[in-house]
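Visitor: Sharing a structure, written as structure tokens. Questions coming.
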Amino acid sequence: MKKGLLPLLMIALFYSDSVFMVFFPENAFNGIYVPVPRFFLIGLLFMSVFFDRNTAIKYGFLFGFLFDMFYTGLLGAYMFFLPLIVYITSKLTKWLHSTLVIFFIIVLFDIALLEMIIYGLNVLVQRSEASFEQFVFMRLWPTLALNAIFYILFAIPLRNAFQKLKNIFG
């Protein structure tokens with residue numbers, strides 16, 4: 001029964017991205033800024049560091065595929081890049097001897113990397129006409145700010161949850 005908590009936590013984080021957007025008013029900031037919640041990615045990165053990297057890579061692949069199917073028209077973008085970012089993060093945290101503060105910087109770097117990759121892919125397939133400067137001002141900075149707030153609020157609970165789950169799975 002307790003082993004079902006890991007998929008349940010990841011499903012909750014996966015849906016929290018879209019649920020946040022439902023309750024966040026579209027006309028916030030007069031439509032100038034477009035913050036994108038990356039709560040699932042943050043949870044995935046916590047899983048890779050405080051639970052198990054290989055499990056996080058599998059979840060990244062599976063949920064990346066689901067994300068591609070339900071939210072984007074680019075099949076394979078999230079399915080490929082989420083596991084790649086998880087792998088890079090797991091290596092970085094071992095190299096940097098990560099504390100929550102260092103991990104905060106790594107998480108923001110990963111979110112920025114994912115956003116720039118997705119922007120680049122959208123420009124490549126001509127789904128975005130925004131210049132890079134517009135993208136940075138309208139989407140990247142607000143996204144980093146929103147996810148930084150989420151990290152600050154939920155870093156300790158997520159770390160503790162994944163450490164407890166690691167003990168359960170042994």
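Lettering and numbering for the structure tokens are positional, with chains as A, B, ... in the shown order, residues counted from 1 in each chain, and ligands counted from 1 in the shown order.
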Taking the DSSP secondary structure from the backbone, can you list the residues of stretch 19-116 of chain A that are alpha helix (DSSP H), as a PyMOL selection string?
Guide: chain A and resi 19-23+39-50+53-71+77-96+100-116
Visitor: Write out as a list in words which residues come within 8 Å of A:Gln163 when counting only C-alpha atoms, dropping same-chain ones fewer than 4 positions away.
Guide: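 In the requested form, the answer reads Phe50, Phe51, Arg159 and Asn167 of chain A.
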Visitor: Could the residues of stretch 82-144 of chain A that have an atom at most 10 Å from stretch 37-47 of chain A be listed as a tab-separated table, each with its closest atom pair and the distance in Å to one decimal, counting only C-alpha atoms and ordered by chain and ascending residue number?
Guide:
```
residue	atom	partner	partner_atom	distance
A:Leu82	CA	A:Leu41	CA	7.5
A:Pro83	CA	A:Leu44	CA	9.2
A:Ile85	CA	A:Leu45	CA	8.3
A:Val86	CA	A:Leu45	CA	5.9
A:Tyr87	CA	A:Leu45	CA	9.1
A:Ile88	CA	A:Leu45	CA	9.9
A:Thr89	CA	A:Leu45	CA	7.0
A:Ser90	CA	A:Leu45	CA	7.9
A:Phe103	CA	A:Phe46	CA	9.0
A:Phe104	CA	A:Ile42	CA	9.6
A:Ile106	CA	A:Leu45	CA	9.4
A:Val107	CA	A:Ile42	CA	6.8
A:Leu108	CA	A:Ile42	CA	9.0
A:Asp110	CA	A:Leu41	CA	8.8
A:Ile111	CA	A:Arg38	CA	7.3
A:Leu114	CA	A:Leu41	CA	9.5
A:Glu115	CA	A:Arg38	CA	9.7
A:Pro142	CA	A:Pro37	CA	9.6
A:Thr143	CA	A:Pro37	CA	6.6
A:Leu144	CA	A:Pro37	CA	8.8
```
Visitor: Considering only C-alpha atoms, state which residue in the set A:Leu6, A:Leu92, A:Ile11, A:Leu75 is at the smallest distance from A:Thr55.
Guide: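 Ranking A:Leu6, A:Leu92, A:Ile11, A:Leu75 by distance to A:Thr55, first place goes to A:Leu6.
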Visitor: Between A:Ile105, A:Ile57, A:Phe162, A:Ala130, which has the minimum distance to A:Asn147 (counting only C-alpha atoms)?
Guide: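 Selected residue with least distance to A:Asn147: A:Ile105.
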Visitor: For A:Val34, list every protein, DNA or RNA residue within 12 Å, evaluated using only C-alpha atoms, and leave out those in the same chain fewer than 5 positions away; present the list as a PyMOL selection string.
Guide: chain A and resi 21+24-29+115+134-146
Visitor: Between A:Ile117, A:Leu9, A:Trp95, A:Ile152, which has the minimum distance to A:Tyr59 (counting only C-alpha atoms)?
Guide: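 Ranked by minimum distance to A:Tyr59, first place goes to A:Leu9.
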Visitor: Atom CA of A:Ile156 and atom CA of A:Leu100, how far apart in Å?
Guide: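 Value for the atom CA of A:Leu100-atom CA of A:Ile156 distance: 8.4 Å.
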Visitor: With a distance cut-off of 9 Å and only C-alpha atoms, select the neighbouring residues of A:Phe65, excluding the residue or stretch itself and same-chain residues fewer than 6 positions from it, and output the selection as a ChimeraX atom specification.
Guide: /A:75-80
Visitor: Could you take the residues named above and write them with C-alpha atoms, as a PDB file, in the first residue's frame?
Guide:
```pdb
ATOM      1  CA  LEU A  75       5.563  14.200 -29.723  1.00  0.00           C
ATOM      2  CA  GLY A  76       8.864  13.298 -28.139  1.00  0.00           C
ATOM      3  CA  ALA A  77      10.059  16.696 -26.905  1.00  0.00           C
ATOM      4  CA  TYR A  78       9.273  16.229 -23.217  1.00  0.00           C
ATOM      5  CA  MET A  79       9.638  12.452 -23.481  1.00  0.00           C
ATOM      6  CA  PHE A  80      13.289  12.896 -24.453  1.00  0.00           C
TER       7      PHE A  80
END
```
